[in-house]
$ cat query18.cif   # mmCIF, C-alpha atoms
data_protein
#
loop_
_atom_site.label_atom_id
_atom_site.label_comp_id
_atom_site.auth_asym_id
_atom_site.auth_seq_id
_atom_site.Cartn_x
_atom_site.Cartn_y
_atom_site.Cartn_z
CA MET A 289 -20.81 23.54 0.67
CA LEU A 290 -17.96 21.42 2.05
CA ALA A 291 -16.44 19.77 -1.00
CA LEU A 292 -13.27 18.78 -2.77
CA ARG A 293 -12.51 21.37 -5.43
CA GLY A 294 -9.87 21.70 -8.11
CA ASN A 295 -8.62 19.81 -11.12
CA ARG A 296 -8.91 16.07 -11.51
CA LYS A 297 -5.47 15.31 -10.08
CA GLU A 298 -6.05 17.43 -6.98
CA ILE A 299 -9.44 15.89 -6.26
CA ALA A 300 -8.19 12.34 -6.91
CA ALA A 301 -5.21 12.85 -4.58
CA TRP A 302 -7.28 14.17 -1.67
CA TYR A 303 -9.97 11.57 -2.31
CA PHE A 304 -7.37 8.81 -2.03
CA ILE A 305 -6.05 10.32 1.21
CA ALA A 306 -9.57 10.31 2.66
CA LEU A 307 -10.01 6.65 1.72
CA LEU A 308 -6.67 5.72 3.27
CA LEU A 309 -7.56 7.56 6.46
CA SER A 310 -10.87 5.69 6.66
CA ILE A 311 -9.23 2.27 6.52
CA ALA A 312 -6.44 3.32 8.91
CA VAL A 313 -8.82 4.51 11.64
CA GLU A 314 -9.07 2.02 14.49
CA GLY A 315 -12.74 2.35 15.36
CA GLU A 316 -14.70 0.13 17.68
CA GLY A 317 -16.51 -2.87 16.25
CA GLY A 318 -20.27 -2.99 16.38
CA THR A 319 -23.50 -3.47 14.49
CA ALA A 320 -24.38 0.03 13.34
CA ASN A 321 -27.67 0.15 11.47
CA PRO A 322 -27.39 1.54 7.92
CA PHE A 323 -31.00 2.77 8.01
CA HIS A 324 -30.21 4.92 11.03
CA PHE A 325 -27.48 6.70 9.09
CA PHE A 326 -29.68 7.12 6.04
CA PHE A 327 -32.36 8.59 8.30
CA LEU A 328 -29.78 11.06 9.65
CA ILE A 329 -28.91 12.03 6.07
CA LEU A 330 -32.58 12.70 5.32
CA ILE A 331 -33.06 14.73 8.50
CA SER A 332 -29.92 16.77 7.80
CA THR A 333 -31.15 17.47 4.28
CA LEU A 334 -34.57 18.57 5.51
CA LEU A 335 -33.00 20.87 8.10
CA MET A 336 -30.77 22.37 5.43
CA LEU A 337 -33.73 23.00 3.12
CA LEU A 338 -35.61 24.60 6.00
CA ALA A 339 -32.62 26.81 6.81
CA ILE A 340 -32.47 27.91 3.17
CA LYS A 341 -36.10 29.01 3.42
CA LEU A 342 -35.57 30.94 6.66
CA PHE A 343 -32.09 32.43 6.51
CA ALA A 344 -29.86 34.32 4.10
CA PRO A 345 -27.28 32.21 2.23
CA ILE A 346 -24.37 34.09 3.81
CA LEU A 347 -25.58 33.12 7.29
CA ILE A 348 -25.91 29.47 6.29
CA ARG A 349 -22.39 29.47 4.86
CA ARG A 350 -20.97 30.90 8.05
CA LEU A 351 -22.80 28.35 10.16
CA LEU A 352 -21.52 25.52 7.95
CA PHE A 353 -17.99 26.88 8.27
CA VAL A 354 -18.28 26.87 12.07
CA LEU A 355 -19.49 23.26 11.94
CA GLU A 356 -16.58 22.38 9.64
CA LEU A 357 -14.09 23.85 12.12
CA ALA A 358 -15.70 21.90 14.97
CA PHE A 359 -15.56 18.58 13.09
CA LEU A 360 -12.03 19.30 11.90
CA THR A 361 -10.92 19.88 15.49
CA LEU A 362 -12.56 16.64 16.66
CA ALA A 363 -11.07 14.66 13.78
CA PHE A 364 -7.57 15.94 14.51
CA ALA A 365 -8.03 15.31 18.23
CA TYR A 366 -8.84 11.70 17.41
CA LEU A 367 -5.80 11.35 15.15
CA LEU A 368 -3.51 12.87 17.77
CA SER A 369 -4.88 10.56 20.45
CA SER A 370 -4.25 7.59 18.17
CA PHE A 371 -0.55 8.51 18.18
CA SER A 372 -0.56 9.15 21.95
CA LEU A 373 -0.13 12.88 21.38
CA PRO A 374 -1.93 15.59 23.41
CA TRP A 375 -5.42 16.00 21.98
CA TYR A 376 -5.47 19.73 22.74
CA LEU A 377 -2.92 20.32 19.96
CA SER A 378 -5.86 19.83 17.59
CA ILE A 379 -6.64 23.54 18.09
CA VAL A 380 -3.92 24.15 15.48
CA ALA A 381 -6.12 22.56 12.77
CA PRO A 382 -8.92 25.17 12.73
CA ILE A 383 -6.37 27.98 13.02
CA VAL A 384 -4.59 26.72 9.90
CA ARG A 385 -7.94 26.28 8.12
CA ILE A 386 -8.98 29.86 8.89
CA THR A 387 -5.57 31.30 8.00
CA ALA A 388 -5.14 29.37 4.75
CA GLY A 389 -8.74 29.85 3.63
CA GLU A 390 -9.85 27.93 0.53
CA ARG A 391 -6.34 26.55 0.03
CA ALA A 392 -6.91 24.26 3.03
CA GLU A 393 -10.47 23.24 2.20
CA ASN A 394 -9.53 20.01 0.42
CA ALA A 395 -7.32 18.92 3.30
CA SER A 396 -10.13 19.71 5.74
CA VAL A 397 -12.64 17.67 3.73
CA ALA A 398 -10.26 14.72 3.43
CA VAL A 399 -9.51 14.62 7.16
CA ILE A 400 -13.11 15.08 8.32
CA ALA A 401 -14.61 12.64 5.81
CA GLY A 402 -11.84 10.08 6.22
CA VAL A 403 -11.85 9.98 10.02
CA LEU A 404 -15.63 10.06 10.48
CA ALA A 405 -16.19 7.50 7.72
CA GLY A 406 -13.53 5.29 9.26
CA LEU A 407 -15.24 5.35 12.65
CA VAL A 408 -18.66 4.65 11.13
CA GLY A 409 -17.35 1.93 8.84
CA LYS A 410 -15.46 0.11 11.59
CA GLY A 411 -18.73 -0.15 13.50
CA MET A 412 -20.66 -1.57 10.55
CA HIS A 413 -20.81 -4.95 8.86
CA PRO A 414 -19.57 -4.75 5.24
CA GLY A 415 -22.93 -5.97 3.98
CA ASP A 416 -24.68 -3.18 5.87
CA ALA A 417 -22.17 -0.65 4.53
CA ALA A 418 -22.90 -1.92 1.01
CA LEU A 419 -26.62 -1.51 1.68
CA LEU A 420 -26.10 2.06 2.92
CA LEU A 421 -24.00 2.86 -0.14
CA SER A 422 -26.65 1.40 -2.46
CA ILE A 423 -29.48 3.35 -0.86
CA THR A 424 -27.60 6.64 -0.85
CA ALA A 425 -26.48 6.19 -4.47
CA VAL A 426 -30.12 5.83 -5.54
CA TYR A 427 -31.06 8.76 -3.32
CA ASP A 428 -28.30 10.88 -4.86
CA PHE A 429 -29.68 10.19 -8.34
CA ILE A 430 -33.22 11.12 -7.23
CA ALA A 431 -32.03 14.24 -5.38
CA VAL A 432 -30.25 15.61 -8.46
CA PHE A 433 -32.37 14.52 -11.41
CA ILE A 434 -35.90 14.12 -10.00
CA THR A 435 -36.53 16.33 -6.97
CA GLY A 436 -33.56 18.62 -7.67
CA HIS A 437 -33.21 19.58 -4.02
CA MET A 438 -29.47 18.89 -4.02
CA LYS A 439 -29.09 21.61 -6.64
CA THR A 440 -31.12 23.91 -4.39
CA ILE A 441 -28.75 23.26 -1.50
CA ALA A 442 -25.64 23.66 -3.64
CA ARG A 443 -26.98 26.92 -5.10
CA ALA A 444 -27.56 28.33 -1.61
CA VAL A 445 -24.31 27.35 0.08
CA SER A 446 -21.81 27.58 -2.77
CA PRO A 447 -21.34 31.03 -4.36
CA SER A 448 -19.51 29.51 -7.34
CA PHE A 449 -22.23 26.95 -8.10
CA SER A 450 -23.33 26.81 -11.73
CA GLU A 451 -25.85 24.50 -13.35
CA GLY A 452 -24.28 24.93 -16.77
CA PRO A 453 -21.22 23.19 -18.22
CA VAL A 454 -18.25 23.28 -15.87
CA SER A 455 -14.69 24.25 -16.72
CA SER A 456 -12.67 21.32 -17.97
CA ASP A 457 -10.05 21.88 -15.27
CA ARG A 458 -12.30 22.71 -12.32
CA TYR A 459 -14.46 20.17 -10.55
CA SER A 460 -16.34 19.92 -7.27
CA LEU A 461 -17.11 16.76 -5.31
CA GLY A 462 -19.39 16.89 -2.26
CA SER A 463 -18.22 15.61 1.10
CA GLY A 464 -20.93 12.93 1.08
CA ASP A 465 -19.52 11.57 -2.16
CA VAL A 466 -16.23 11.19 -0.30
CA ALA A 467 -17.49 9.89 3.03
CA LEU A 468 -19.99 7.21 1.96
CA PRO A 469 -17.60 5.21 -0.27
CA ALA A 470 -15.04 5.62 2.52
CA VAL A 471 -17.49 4.00 4.95
CA MET A 472 -17.68 1.04 2.56
CA ALA A 473 -13.89 0.82 2.32
CA SER A 474 -13.51 1.04 6.10
CA ALA A 475 -16.10 -1.66 6.80
CA ALA A 476 -14.61 -3.95 4.15
CA PHE A 477 -11.09 -3.43 5.52
CA LYS A 478 -12.25 -4.35 9.02
CA ALA A 479 -13.62 -7.65 7.69
CA ALA A 480 -10.63 -8.40 5.46
CA PRO A 481 -7.76 -6.00 4.68
CA VAL A 482 -7.45 -7.27 1.10
CA VAL A 483 -11.15 -6.62 0.47
CA GLY A 484 -10.76 -3.16 1.99
CA MET A 485 -7.90 -2.27 -0.32
CA VAL A 486 -9.82 -3.59 -3.33
CA SER A 487 -12.79 -1.48 -2.26
CA THR A 488 -10.53 1.55 -2.01
CA LEU A 489 -9.14 1.01 -5.50
CA ALA A 490 -12.66 0.38 -6.85
CA ALA A 491 -13.77 3.76 -5.49
CA MET A 492 -10.88 5.41 -7.30
CA VAL A 493 -11.88 3.62 -10.51
CA GLY A 494 -15.41 4.98 -10.03
CA LEU A 495 -14.01 8.48 -9.61
CA VAL A 496 -12.11 8.13 -12.89
CA LEU A 497 -15.32 6.95 -14.60
CA LEU A 498 -17.05 10.05 -13.27
CA PHE A 499 -14.32 12.33 -14.63
CA VAL A 500 -14.44 10.64 -18.04
CA TYR A 501 -18.21 11.02 -18.25
CA VAL A 502 -18.17 14.65 -17.13
CA SER A 503 -15.44 15.51 -19.61
CA ARG A 504 -17.68 14.25 -22.43
CA LYS A 505 -21.00 15.51 -21.08
CA PRO A 506 -20.33 18.51 -18.82
CA GLY A 507 -22.96 19.42 -16.25
CA ILE A 508 -24.19 18.72 -12.72
CA LEU A 509 -24.22 15.00 -12.00
CA PRO A 510 -24.85 12.76 -8.98
CA ALA A 511 -21.34 11.52 -8.29
CA LEU A 512 -22.18 8.72 -5.87
CA PRO A 513 -23.67 6.26 -8.41
CA PHE A 514 -20.47 6.39 -10.50
CA ILE A 515 -18.22 5.80 -7.49
CA ALA A 516 -20.46 3.29 -5.73
CA PHE A 517 -21.02 0.98 -8.70
CA PRO A 518 -17.44 -0.41 -8.95
CA GLN A 519 -17.25 -0.75 -5.17
CA LEU A 520 -20.50 -2.67 -4.93
CA MET A 521 -19.63 -4.87 -7.90
CA MET A 522 -16.27 -5.80 -6.38
CA TYR A 523 -17.85 -6.45 -2.98
CA VAL A 524 -20.45 -8.79 -4.49
CA LEU A 525 -17.80 -10.56 -6.58
CA LEU A 526 -15.38 -11.05 -3.69
CA SER A 527 -18.18 -12.17 -1.38
CA TYR A 528 -19.17 -14.80 -3.94
CA LEU A 529 -15.58 -16.00 -4.38
CA ARG A 530 -15.06 -16.26 -0.63
#
$ encode --input "query18.cif" --output "structure tokens"
Amino acid sequence: MLALRGNRKEIAAWYFIALLLSIAVEGEGGTANPFHFFFLILISTLLMLLAIKLFAPILIRRLLFVLELAFLTLAFAYLLSSFSLPWYLSIVAPIVRITAGERAENASVAVIAGVLAGLVGKGMHPGDAALLLSITAVYDFIAVFITGHMKTIARAVSPSFSEGPVSSDRYSLGSGDVALPAVMASAAFKAAPVVGMVSTLAAMVGLVLLFVYVSRKPGILPALPFIAFPQLMMYVLLSYLR
């Protein structure tokens, strides 16, 4: 499963890079519907669960890797175009990812999540982004603790997945846990740069809260509620003050 992996410092550094990329992306304005994106998340989850039923885990992992390379290429093409550089140089990105293997996974996740979240967030009103973040945070809690289907997906696509206590120096954070708070930061930054930076810092505070909790009670947790809560609280507070 596409995720940030490593110790707390490594994950925090790449997470921050993804957030910065999301607010730096110059997406088009618009009125993207948060329910449409949540519907896409549900459909993607259902398709993944169906694939787990029909295909061997190794085949699913290879397919996901191909999709990662495709999105990485598109993300780099966008970044190159933003700097008026030839988009076709983006072919270097998947080559580096394949050559470097797992060592480049965190960079790949940060670029893909940051750029895509930035584009989505710039096309969404901050209030709608906050609604999307709220819905997905609740959904994340349900998917881990009630239905458990997120554990089923993680078990199928990640060979190193374990439902027991994790090593104190090794963590894993799903790409959705990176992208959705980045959407919030991007949308907030579009409305007001100061609010966007506060939202970015709030997400980092939420990540620290997650690490503190996991260090005391090791196990598989839904990360999004921890990260989303400070962001949503700061958005509500700043909206009230403005």
$ resolve_selection --input "query18.cif" --expression "the PyMOL selection byres ((chain A and resi 482-496) around 6)" --output "PDB file with C-alpha atoms, in the frame of the given file"
ATOM      1  CA  ALA A 473     -13.890   0.820   2.320  1.00  0.00           C
ATOM      2  CA  ALA A 476     -14.610  -3.950   4.150  1.00  0.00           C
ATOM      3  CA  PHE A 477     -11.090  -3.430   5.520  1.00  0.00           C
ATOM      4  CA  ALA A 480     -10.630  -8.400   5.460  1.00  0.00           C
ATOM      5  CA  PRO A 481      -7.760  -6.000   4.680  1.00  0.00           C
ATOM      6  CA  LEU A 497     -15.320   6.950 -14.600  1.00  0.00           C
ATOM      7  CA  LEU A 498     -17.050  10.050 -13.270  1.00  0.00           C
ATOM      8  CA  PHE A 499     -14.320  12.330 -14.630  1.00  0.00           C
ATOM      9  CA  PHE A 514     -20.470   6.390 -10.500  1.00  0.00           C
ATOM     10  CA  ILE A 515     -18.220   5.800  -7.490  1.00  0.00           C
ATOM     11  CA  PRO A 518     -17.440  -0.410  -8.950  1.00  0.00           C
ATOM     12  CA  GLN A 519     -17.250  -0.750  -5.170  1.00  0.00           C
TER      13      GLN A 519
END
$ closest_residue --input "query18.cif" --among "A:Leu419, A:Ala300, A:Leu468, A:Ala312" --to "A:Ser370" --atoms "all atoms listed in the file"
A:Ala312
$ residues_around --input "query18.cif" --residues "A:Ser463" --least-positions-apart "3" --cutoff "9 Å" --atoms "all atoms listed in the file" --output "list in words"
Met289, Leu290, Ala291, Leu292, Val397, Ala398, Ile400, Ala401, Val466, Ala467 and Leu468 of chain A
$ residues_around --input "query18.cif" --residues "stretch 428-440 of chain A" --least-positions-apart "3" --cutoff "10 Å" --atoms "only C-alpha atoms" --output "mmCIF file with C-alpha atoms, in the coordinates of the input"
data_model
loop_
_atom_site.group_PDB
_atom_site.id
_atom_site.type_symbol
_atom_site.label_atom_id
_atom_site.label_comp_id
_atom_site.auth_asym_id
_atom_site.auth_seq_id
_atom_site.Cartn_x
_atom_site.Cartn_y
_atom_site.Cartn_z
ATOM 1 C CA THR A 333 -31.150 17.470 4.280
ATOM 2 C CA LEU A 334 -34.570 18.570 5.510
ATOM 3 C CA MET A 336 -30.770 22.370 5.430
ATOM 4 C CA LEU A 337 -33.730 23.000 3.120
ATOM 5 C CA ILE A 340 -32.470 27.910 3.170
ATOM 6 C CA SER A 422 -26.650 1.400 -2.460
ATOM 7 C CA ILE A 423 -29.480 3.350 -0.860
ATOM 8 C CA THR A 424 -27.600 6.640 -0.850
ATOM 9 C CA ALA A 425 -26.480 6.190 -4.470
ATOM 10 C CA ARG A 443 -26.980 26.920 -5.100
ATOM 11 C CA ALA A 444 -27.560 28.330 -1.610
ATOM 12 C CA VAL A 445 -24.310 27.350 0.080
ATOM 13 C CA PHE A 449 -22.230 26.950 -8.100
ATOM 14 C CA SER A 450 -23.330 26.810 -11.730
ATOM 15 C CA GLU A 451 -25.850 24.500 -13.350
ATOM 16 C CA GLY A 464 -20.930 12.930 1.080
ATOM 17 C CA ASP A 465 -19.520 11.570 -2.160
ATOM 18 C CA ILE A 508 -24.190 18.720 -12.720
ATOM 19 C CA LEU A 509 -24.220 15.000 -12.000
ATOM 20 C CA PRO A 510 -24.850 12.760 -8.980
ATOM 21 C CA ALA A 511 -21.340 11.520 -8.290
ATOM 22 C CA LEU A 512 -22.180 8.720 -5.870
ATOM 23 C CA PRO A 513 -23.670 6.260 -8.410
#
$ atom_distance --input "query18.cif" --atom1 "atom CA of A:Ala405" --atom2 "atom CA of A:Ala363"
10.7 Å
$ residues_around --input "query18.cif" --residues "stretch 295-299 of chain A" --least-positions-apart "6" --cutoff "6 Å" --atoms "all atoms listed in the file" --output "MDAnalysis selection string"
chainID A and resid 457:459
$ resolve_selection --input "query18.cif" --expression "the PyMOL selection byres ((chain A and resi 322) around 9)" --output "PDB file with C-alpha atoms, keeping the file's coordinate frame"
ATOM      1  CA  ALA A 320     -24.380   0.030  13.340  1.00  0.00           C
ATOM      2  CA  ASN A 321     -27.670   0.150  11.470  1.00  0.00           C
ATOM      3  CA  PHE A 323     -31.000   2.770   8.010  1.00  0.00           C
ATOM      4  CA  HIS A 324     -30.210   4.920  11.030  1.00  0.00           C
ATOM      5  CA  PHE A 325     -27.480   6.700   9.090  1.00  0.00           C
ATOM      6  CA  PHE A 326     -29.680   7.120   6.040  1.00  0.00           C
ATOM      7  CA  PHE A 327     -32.360   8.590   8.300  1.00  0.00           C
ATOM      8  CA  MET A 412     -20.660  -1.570  10.550  1.00  0.00           C
ATOM      9  CA  ASP A 416     -24.680  -3.180   5.870  1.00  0.00           C
ATOM     10  CA  ALA A 417     -22.170  -0.650   4.530  1.00  0.00           C
ATOM     11  CA  ALA A 418     -22.900  -1.920   1.010  1.00  0.00           C
ATOM     12  CA  LEU A 419     -26.620  -1.510   1.680  1.00  0.00           C
ATOM     13  CA  LEU A 420     -26.100   2.060   2.920  1.00  0.00           C
ATOM     14  CA  LEU A 421     -24.000   2.860  -0.140  1.00  0.00           C
TER      15      LEU A 421
END
$ residues_around --input "query18.cif" --residues "A:Glu356" --least-positions-apart "3" --cutoff "9 Å" --atoms "all atoms listed in the file" --output "list in words"
Leu290, Leu351, Leu352, Phe353, Phe359, Leu360, Thr361, Pro382, Ser396, Val397 and Ile400 of chain A
$ closest_residue --input "query18.cif" --among "A:Ala388, A:Met472, A:Leu362, A:Ala442" --to "A:Tyr376" --atoms "all atoms listed in the file"
A:Leu362
$ closest_residue --input "query18.cif" --among "A:Gly389, A:Pro345, A:Gly315, A:Gly462" --to "A:Ala475" --atoms "all atoms listed in the file"
A:Gly315
$ atom_distance --input "query18.cif" --atom1 "atom CA of A:Gly409" --atom2 "atom CA of A:Leu309"
11.5 Å
$ atom_distance --input "query18.cif" --atom1 "atom CA of A:Leu357" --atom2 "atom CA of A:Phe371"
21.3 Å
$ decode --input "query18.cif" --residues "stretch 469-480 of chain A" --atoms "all heavy atoms" --output "PDB file, in the first residue's frame"
ATOM      1  N   PRO A 469      -5.662  15.815   4.573  1.00  0.00           N
ATOM      2  CA  PRO A 469      -5.306  17.062   5.266  1.00  0.00           C
ATOM      3  C   PRO A 469      -4.627  18.072   4.344  1.00  0.00           C
ATOM      4  O   PRO A 469      -4.764  19.286   4.539  1.00  0.00           O
ATOM      5  CB  PRO A 469      -4.343  16.589   6.365  1.00  0.00           C
ATOM      6  CG  PRO A 469      -4.738  15.171   6.615  1.00  0.00           C
ATOM      7  CD  PRO A 469      -5.084  14.635   5.252  1.00  0.00           C
ATOM      8  N   ALA A 470      -3.905  17.576   3.327  1.00  0.00           N
ATOM      9  CA  ALA A 470      -3.277  18.477   2.367  1.00  0.00           C
ATOM     10  C   ALA A 470      -4.317  19.196   1.518  1.00  0.00           C
ATOM     11  O   ALA A 470      -4.118  20.357   1.128  1.00  0.00           O
ATOM     12  CB  ALA A 470      -2.299  17.705   1.478  1.00  0.00           C
ATOM     13  N   VAL A 471      -5.425  18.539   1.213  1.00  0.00           N
ATOM     14  CA  VAL A 471      -6.531  19.191   0.504  1.00  0.00           C
ATOM     15  C   VAL A 471      -7.055  20.362   1.343  1.00  0.00           C
ATOM     16  O   VAL A 471      -7.315  21.453   0.831  1.00  0.00           O
ATOM     17  CB  VAL A 471      -7.669  18.192   0.207  1.00  0.00           C
ATOM     18  CG1 VAL A 471      -8.920  18.932  -0.274  1.00  0.00           C
ATOM     19  CG2 VAL A 471      -7.230  17.179  -0.838  1.00  0.00           C
ATOM     20  N   MET A 472      -7.212  20.115   2.645  1.00  0.00           N
ATOM     21  CA  MET A 472      -7.674  21.164   3.549  1.00  0.00           C
ATOM     22  C   MET A 472      -6.699  22.331   3.574  1.00  0.00           C
ATOM     23  O   MET A 472      -7.095  23.500   3.496  1.00  0.00           O
ATOM     24  CB  MET A 472      -7.828  20.571   4.950  1.00  0.00           C
ATOM     25  CG  MET A 472      -8.309  21.553   6.019  1.00  0.00           C
ATOM     26  SD  MET A 472     -10.036  22.008   5.849  1.00  0.00           S
ATOM     27  CE  MET A 472      -9.924  23.793   5.781  1.00  0.00           C
ATOM     28  N   ALA A 473      -5.413  22.043   3.664  1.00  0.00           N
ATOM     29  CA  ALA A 473      -4.402  23.100   3.691  1.00  0.00           C
ATOM     30  C   ALA A 473      -4.394  23.892   2.384  1.00  0.00           C
ATOM     31  O   ALA A 473      -4.280  25.118   2.390  1.00  0.00           O
ATOM     32  CB  ALA A 473      -3.024  22.493   3.949  1.00  0.00           C
ATOM     33  N   SER A 474      -4.531  23.186   1.265  1.00  0.00           N
ATOM     34  CA  SER A 474      -4.529  23.841  -0.043  1.00  0.00           C
ATOM     35  C   SER A 474      -5.727  24.766  -0.211  1.00  0.00           C
ATOM     36  O   SER A 474      -5.592  25.909  -0.665  1.00  0.00           O
ATOM     37  CB  SER A 474      -4.530  22.774  -1.148  1.00  0.00           C
ATOM     38  OG  SER A 474      -4.673  23.363  -2.418  1.00  0.00           O
ATOM     39  N   ALA A 475      -6.915  24.267   0.160  1.00  0.00           N
ATOM     40  CA  ALA A 475      -8.131  25.072   0.035  1.00  0.00           C
ATOM     41  C   ALA A 475      -8.072  26.291   0.948  1.00  0.00           C
ATOM     42  O   ALA A 475      -8.474  27.398   0.562  1.00  0.00           O
ATOM     43  CB  ALA A 475      -9.351  24.220   0.359  1.00  0.00           C
ATOM     44  N   ALA A 476      -7.567  26.103   2.163  1.00  0.00           N
ATOM     45  CA  ALA A 476      -7.457  27.222   3.106  1.00  0.00           C
ATOM     46  C   ALA A 476      -6.461  28.256   2.609  1.00  0.00           C
ATOM     47  O   ALA A 476      -6.684  29.468   2.741  1.00  0.00           O
ATOM     48  CB  ALA A 476      -7.051  26.693   4.479  1.00  0.00           C
ATOM     49  N   PHE A 477      -5.353  27.789   2.025  1.00  0.00           N
ATOM     50  CA  PHE A 477      -4.333  28.710   1.524  1.00  0.00           C
ATOM     51  C   PHE A 477      -4.872  29.537   0.361  1.00  0.00           C
ATOM     52  O   PHE A 477      -4.536  30.717   0.238  1.00  0.00           O
ATOM     53  CB  PHE A 477      -3.103  27.929   1.084  1.00  0.00           C
ATOM     54  CG  PHE A 477      -1.920  28.797   0.750  1.00  0.00           C
ATOM     55  CD1 PHE A 477      -1.071  29.231   1.757  1.00  0.00           C
ATOM     56  CD2 PHE A 477      -1.655  29.180  -0.554  1.00  0.00           C
ATOM     57  CE1 PHE A 477       0.029  30.035   1.466  1.00  0.00           C
ATOM     58  CE2 PHE A 477      -0.571  29.981  -0.861  1.00  0.00           C
ATOM     59  CZ  PHE A 477       0.276  30.416   0.154  1.00  0.00           C
ATOM     60  N   LYS A 478      -5.702  28.918  -0.468  1.00  0.00           N
ATOM     61  CA  LYS A 478      -6.284  29.649  -1.597  1.00  0.00           C
ATOM     62  C   LYS A 478      -7.154  30.792  -1.083  1.00  0.00           C
ATOM     63  O   LYS A 478      -7.140  31.906  -1.635  1.00  0.00           O
ATOM     64  CB  LYS A 478      -7.119  28.709  -2.460  1.00  0.00           C
ATOM     65  CG  LYS A 478      -7.750  29.386  -3.676  1.00  0.00           C
ATOM     66  CD  LYS A 478      -8.821  28.507  -4.306  1.00  0.00           C
ATOM     67  CE  LYS A 478     -10.041  28.403  -3.415  1.00  0.00           C
ATOM     68  NZ  LYS A 478     -11.169  27.707  -4.077  1.00  0.00           N
ATOM     69  N   ALA A 479      -7.897  30.537  -0.012  1.00  0.00           N
ATOM     70  CA  ALA A 479      -8.782  31.562   0.545  1.00  0.00           C
ATOM     71  C   ALA A 479      -8.000  32.645   1.270  1.00  0.00           C
ATOM     72  O   ALA A 479      -8.304  33.839   1.161  1.00  0.00           O
ATOM     73  CB  ALA A 479      -9.791  30.914   1.497  1.00  0.00           C
ATOM     74  N   ALA A 480      -6.989  32.224   2.029  1.00  0.00           N
ATOM     75  CA  ALA A 480      -6.160  33.176   2.782  1.00  0.00           C
ATOM     76  C   ALA A 480      -4.844  32.487   3.130  1.00  0.00           C
ATOM     77  O   ALA A 480      -4.854  31.501   3.868  1.00  0.00           O
ATOM     78  CB  ALA A 480      -6.872  33.633   4.046  1.00  0.00           C
TER      79      ALA A 480
END
